[in-house]
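Colleague: Quick one: this structure, given as structure tokens, is what I'll be asking you about.
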Amino acid sequence: MYVDLLTKSEEIGFDMPSDIHVGSFLKTLVASKPNGNFLELGTGTGLSLAWMLEGMDENSKIISVDNDIELVQIARGFFKEETKLQLVYEDGAKWLSMYEGDKFDLIFADAWPGKYSDLDTTLELLKIGGFYVIDDMKRQPNWPNGHEKNAASLLTELDSKENFTITKMDWSTGVVVAVKTK
């Protein structure tokens, strides 16, 4: 399915696809949480989602949120048979402010909300021992001018979180993993 999603992404000119290495990494992290509850902020065309679903056991579930209806419709077409998935078309910040369900074992924040905005709200939704994962922390070709400052500020803010253990990896697109410790 990943290859078909990648082909579709290229076909529509989607220039923010998730890196295959990040997808494999997410699959591994998700597999470490049986009966897990997962959140993806920024579905895109569903490339990372495909990896996460592959890593999930039969009792796990995932919510994926995106504010682009065209991308959500593409993902719905590919994942229409997937019963573990709730695919949501909504502004991520609005969704985060309204969410009242169970906390998550892993949050992959691949959109502005949950990463560059609404960070504290997002981190509150993690269980103790839960993973917060972000990518694209190394300069990317599609970054707007000045975005390096946003990335640096986010890393500084994450470093200040006393209830998280954080690892910054100069690998793939630049991955950060934080685990909630208390």
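We label chains A, B, ... in the order they appear in the structure tokens, count residues from 1 in each chain, and number ligands from 1 in the order shown.
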I want to know what sits within 12 Å of segment 142-159 of chain A, based on only C-alpha atoms, with residues of the same chain fewer than 5 positions away left out; could you give that as a PDB file with N, CA, C and O atoms, in the first residue's frame?
Modeller:
```
ATOM      1  N   PHE A  14       2.054  16.302  -4.095  1.00  0.00           N
ATOM      2  CA  PHE A  14       2.168  16.479  -2.642  1.00  0.00           C
ATOM      3  C   PHE A  14       3.644  16.510  -2.276  1.00  0.00           C
ATOM      4  O   PHE A  14       4.355  15.516  -2.450  1.00  0.00           O
ATOM      5  N   ASP A  15       4.114  17.668  -1.776  1.00  0.00           N
ATOM      6  CA  ASP A  15       5.552  17.851  -1.549  1.00  0.00           C
ATOM      7  C   ASP A  15       5.972  17.718  -0.091  1.00  0.00           C
ATOM      8  O   ASP A  15       7.055  18.136   0.286  1.00  0.00           O
ATOM      9  N   MET A  16       5.133  17.107   0.728  1.00  0.00           N
ATOM     10  CA  MET A  16       5.470  16.913   2.136  1.00  0.00           C
ATOM     11  C   MET A  16       5.326  15.456   2.565  1.00  0.00           C
ATOM     12  O   MET A  16       4.806  15.168   3.639  1.00  0.00           O
ATOM     13  N   PRO A  17       5.764  14.518   1.732  1.00  0.00           N
ATOM     14  CA  PRO A  17       5.596  13.110   2.111  1.00  0.00           C
ATOM     15  C   PRO A  17       6.521  12.726   3.263  1.00  0.00           C
ATOM     16  O   PRO A  17       7.615  13.267   3.396  1.00  0.00           O
ATOM     17  N   TRP A 112       1.462  21.493  11.897  1.00  0.00           N
ATOM     18  CA  TRP A 112       1.731  22.652  12.752  1.00  0.00           C
ATOM     19  C   TRP A 112       1.089  22.469  14.133  1.00  0.00           C
ATOM     20  O   TRP A 112       1.777  22.560  15.152  1.00  0.00           O
ATOM     21  N   GLY A 114       0.120  20.744  17.372  1.00  0.00           N
ATOM     22  CA  GLY A 114       0.722  19.604  18.059  1.00  0.00           C
ATOM     23  C   GLY A 114       2.228  19.630  18.018  1.00  0.00           C
ATOM     24  O   GLY A 114       2.890  18.867  18.715  1.00  0.00           O
ATOM     25  N   LYS A 115       2.760  20.519  17.199  1.00  0.00           N
ATOM     26  CA  LYS A 115       4.203  20.608  17.031  1.00  0.00           C
ATOM     27  C   LYS A 115       4.641  22.051  17.290  1.00  0.00           C
ATOM     28  O   LYS A 115       5.285  22.336  18.282  1.00  0.00           O
ATOM     29  N   TYR A 116       4.242  22.962  16.444  1.00  0.00           N
ATOM     30  CA  TYR A 116       4.626  24.370  16.599  1.00  0.00           C
ATOM     31  C   TYR A 116       3.573  25.198  17.313  1.00  0.00           C
ATOM     32  O   TYR A 116       3.842  26.326  17.708  1.00  0.00           O
ATOM     33  N   SER A 117       2.396  24.667  17.460  1.00  0.00           N
ATOM     34  CA  SER A 117       1.353  25.288  18.281  1.00  0.00           C
ATOM     35  C   SER A 117       0.676  24.187  19.074  1.00  0.00           C
ATOM     36  O   SER A 117       0.793  23.008  18.733  1.00  0.00           O
ATOM     37  N   ASP A 118       0.026  24.550  20.139  1.00  0.00           N
ATOM     38  CA  ASP A 118      -0.736  23.596  20.953  1.00  0.00           C
ATOM     39  C   ASP A 118       0.129  22.469  21.513  1.00  0.00           C
ATOM     40  O   ASP A 118      -0.344  21.360  21.748  1.00  0.00           O
ATOM     41  N   LEU A 119       1.405  22.759  21.732  1.00  0.00           N
ATOM     42  CA  LEU A 119       2.329  21.729  22.209  1.00  0.00           C
ATOM     43  C   LEU A 119       1.936  21.206  23.584  1.00  0.00           C
ATOM     44  O   LEU A 119       1.867  19.992  23.794  1.00  0.00           O
ATOM     45  N   ASP A 120       1.671  22.092  24.528  1.00  0.00           N
ATOM     46  CA  ASP A 120       1.330  21.642  25.878  1.00  0.00           C
ATOM     47  C   ASP A 120       0.042  20.821  25.884  1.00  0.00           C
ATOM     48  O   ASP A 120      -0.042  19.799  26.576  1.00  0.00           O
ATOM     49  N   LEU A 123       0.990  17.378  24.512  1.00  0.00           N
ATOM     50  CA  LEU A 123       1.772  16.572  25.459  1.00  0.00           C
ATOM     51  C   LEU A 123       0.931  16.088  26.634  1.00  0.00           C
ATOM     52  O   LEU A 123       1.188  15.019  27.186  1.00  0.00           O
ATOM     53  N   TYR A 132       6.159  10.830  22.150  1.00  0.00           N
ATOM     54  CA  TYR A 132       5.837  11.993  21.316  1.00  0.00           C
ATOM     55  C   TYR A 132       6.908  12.030  20.240  1.00  0.00           C
ATOM     56  O   TYR A 132       8.104  12.083  20.550  1.00  0.00           O
ATOM     57  N   VAL A 133       6.513  11.969  18.978  1.00  0.00           N
ATOM     58  CA  VAL A 133       7.463  11.878  17.873  1.00  0.00           C
ATOM     59  C   VAL A 133       7.201  13.009  16.886  1.00  0.00           C
ATOM     60  O   VAL A 133       6.048  13.252  16.498  1.00  0.00           O
ATOM     61  N   ILE A 134       8.285  13.686  16.499  1.00  0.00           N
ATOM     62  CA  ILE A 134       8.223  14.684  15.442  1.00  0.00           C
ATOM     63  C   ILE A 134       9.378  14.443  14.479  1.00  0.00           C
ATOM     64  O   ILE A 134      10.405  13.888  14.863  1.00  0.00           O
ATOM     65  N   ASP A 135       9.172  14.849  13.245  1.00  0.00           N
ATOM     66  CA  ASP A 135      10.245  14.739  12.255  1.00  0.00           C
ATOM     67  C   ASP A 135      10.417  16.087  11.562  1.00  0.00           C
ATOM     68  O   ASP A 135       9.847  17.089  11.998  1.00  0.00           O
ATOM     69  N   ASP A 136      11.221  16.098  10.521  1.00  0.00           N
ATOM     70  CA  ASP A 136      11.505  17.327   9.766  1.00  0.00           C
ATOM     71  C   ASP A 136      12.120  18.418  10.627  1.00  0.00           C
ATOM     72  O   ASP A 136      11.827  19.602  10.463  1.00  0.00           O
ATOM     73  N   MET A 137      12.997  18.019  11.532  1.00  0.00           N
ATOM     74  CA  MET A 137      13.662  18.992  12.393  1.00  0.00           C
ATOM     75  C   MET A 137      15.016  19.417  11.823  1.00  0.00           C
ATOM     76  O   MET A 137      15.632  20.333  12.333  1.00  0.00           O
ATOM     77  N   PHE A 164       9.702  14.866  30.701  1.00  0.00           N
ATOM     78  CA  PHE A 164       9.971  14.121  29.475  1.00  0.00           C
ATOM     79  C   PHE A 164      11.448  13.806  29.367  1.00  0.00           C
ATOM     80  O   PHE A 164      12.297  14.600  29.762  1.00  0.00           O
ATOM     81  N   THR A 165      11.744  12.635  28.829  1.00  0.00           N
ATOM     82  CA  THR A 165      13.102  12.278  28.428  1.00  0.00           C
ATOM     83  C   THR A 165      13.129  12.399  26.906  1.00  0.00           C
ATOM     84  O   THR A 165      12.287  11.812  26.225  1.00  0.00           O
ATOM     85  N   ILE A 166      14.090  13.164  26.390  1.00  0.00           N
ATOM     86  CA  ILE A 166      14.081  13.528  24.976  1.00  0.00           C
ATOM     87  C   ILE A 166      15.374  13.084  24.295  1.00  0.00           C
ATOM     88  O   ILE A 166      16.464  13.248  24.842  1.00  0.00           O
ATOM     89  N   THR A 167      15.212  12.552  23.099  1.00  0.00           N
ATOM     90  CA  THR A 167      16.351  12.224  22.245  1.00  0.00           C
ATOM     91  C   THR A 167      16.151  12.914  20.906  1.00  0.00           C
ATOM     92  O   THR A 167      15.102  12.764  20.264  1.00  0.00           O
ATOM     93  N   LYS A 168      17.165  13.671  20.491  1.00  0.00           N
ATOM     94  CA  LYS A 168      17.175  14.338  19.182  1.00  0.00           C
ATOM     95  C   LYS A 168      18.118  13.547  18.289  1.00  0.00           C
ATOM     96  O   LYS A 168      19.277  13.342  18.648  1.00  0.00           O
ATOM     97  N   MET A 169      17.591  13.098  17.163  1.00  0.00           N
ATOM     98  CA  MET A 169      18.392  12.266  16.263  1.00  0.00           C
ATOM     99  C   MET A 169      18.691  13.015  14.965  1.00  0.00           C
ATOM    100  O   MET A 169      17.769  13.465  14.285  1.00  0.00           O
ATOM    101  N   GLY A 174      15.552  14.391  10.544  1.00  0.00           N
ATOM    102  CA  GLY A 174      15.717  15.026  11.856  1.00  0.00           C
ATOM    103  C   GLY A 174      14.538  14.640  12.732  1.00  0.00           C
ATOM    104  O   GLY A 174      13.473  15.216  12.627  1.00  0.00           O
ATOM    105  N   VAL A 175      14.725  13.630  13.547  1.00  0.00           N
ATOM    106  CA  VAL A 175      13.643  13.062  14.353  1.00  0.00           C
ATOM    107  C   VAL A 175      13.891  13.358  15.822  1.00  0.00           C
ATOM    108  O   VAL A 175      15.028  13.272  16.297  1.00  0.00           O
ATOM    109  N   VAL A 176      12.831  13.699  16.516  1.00  0.00           N
ATOM    110  CA  VAL A 176      12.877  13.878  17.969  1.00  0.00           C
ATOM    111  C   VAL A 176      11.848  12.929  18.577  1.00  0.00           C
ATOM    112  O   VAL A 176      10.706  12.842  18.116  1.00  0.00           O
ATOM    113  N   VAL A 177      12.288  12.207  19.606  1.00  0.00           N
ATOM    114  CA  VAL A 177      11.407  11.316  20.361  1.00  0.00           C
ATOM    115  C   VAL A 177      11.461  11.755  21.810  1.00  0.00           C
ATOM    116  O   VAL A 177      12.543  11.912  22.385  1.00  0.00           O
ATOM    117  N   ALA A 178      10.294  11.965  22.371  1.00  0.00           N
ATOM    118  CA  ALA A 178      10.193  12.308  23.789  1.00  0.00           C
ATOM    119  C   ALA A 178       9.300  11.278  24.460  1.00  0.00           C
ATOM    120  O   ALA A 178       8.268  10.870  23.895  1.00  0.00           O
ATOM    121  N   VAL A 179       9.685  10.834  25.639  1.00  0.00           N
ATOM    122  CA  VAL A 179       8.880   9.892  26.406  1.00  0.00           C
ATOM    123  C   VAL A 179       8.421  10.590  27.670  1.00  0.00           C
ATOM    124  O   VAL A 179       9.231  11.176  28.407  1.00  0.00           O
ATOM    125  N   LYS A 180       7.133  10.519  27.931  1.00  0.00           N
ATOM    126  CA  LYS A 180       6.558  11.144  29.126  1.00  0.00           C
ATOM    127  C   LYS A 180       6.906  10.287  30.334  1.00  0.00           C
ATOM    128  O   LYS A 180       6.623   9.081  30.372  1.00  0.00           O
TER     129      LYS A 180
END
```
Colleague: Using only C-alpha atoms, which residues sit within 9 Å of Leu71 of chain A once same-chain residues fewer than 6 positions away are excluded, as a list of chain:residue names?
Modeller: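 These residues fall inside the cut-off: A:Thr43, A:Gly44, A:Thr45, A:Gly46.
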Colleague: From the set A:Leu106, A:Val88, A:Leu26, A:Ala31, which residue has the shortest atom-to-atom contact distance to Phe131 of chain A, counting only C-alpha atoms?
Modeller: A:Leu106
Colleague: Write out as number ranges by chain each polymer residue whose atoms come within 9 Å of Gln86 of chain A, counting only C-alpha atoms; drop sequence neighbours fewer than 5 positions from it.
Modeller: A: 61-65
Colleague: Please measure the separation of atom CA of Lys33 of chain A and atom CA of Gly130 of chain A, giving the value in Å to one decimal.
Modeller: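 Pair atom CA of Lys33 of chain A / atom CA of Gly130 of chain A returns 8.9 Å.
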Colleague: Using only C-alpha atoms, which residues sit within 10 Å of Asp105 of chain A once same-chain residues fewer than 2 positions away are excluded, as a PyMOL selection string?
Modeller: chain A and resi 29-30+32-39+102-103+107+125-132+179-180
Colleague: Please, could you write that set of residues out with C-alpha atoms as a short mmCIF file (atom, residue, chain, number, x, y, z; two decimals), in the first residue's frame?
Modeller:
```cif
data_model
loop_
_atom_site.label_atom_id
_atom_site.label_comp_id
_atom_site.auth_asym_id
_atom_site.auth_seq_id
_atom_site.Cartn_x
_atom_site.Cartn_y
_atom_site.Cartn_z
CA LEU A 29 7.43 2.23 18.14
CA VAL A 30 3.75 1.42 17.57
CA SER A 32 5.97 -1.77 21.21
CA LYS A 33 2.54 -0.75 22.51
CA PRO A 34 0.08 -3.67 22.26
CA ASN A 35 -3.55 -2.63 22.71
CA GLY A 36 -2.30 0.86 21.95
CA ASN A 37 -4.10 4.12 21.39
CA PHE A 38 -2.34 6.30 18.82
CA LEU A 39 -2.73 9.78 17.35
CA ASP A 102 -8.44 8.38 26.34
CA LYS A 103 -4.80 9.39 26.46
CA ILE A 107 1.49 10.86 19.20
CA LEU A 125 -2.71 13.80 25.92
CA LEU A 126 0.17 11.34 26.34
CA LYS A 127 0.11 8.50 28.84
CA ILE A 128 3.08 8.04 31.15
CA GLY A 129 5.55 6.07 29.06
CA GLY A 130 3.99 7.39 25.86
CA PHE A 131 6.04 8.53 22.88
CA TYR A 132 5.84 11.99 21.32
CA VAL A 179 8.88 9.89 26.41
CA LYS A 180 6.56 11.14 29.13
#
```
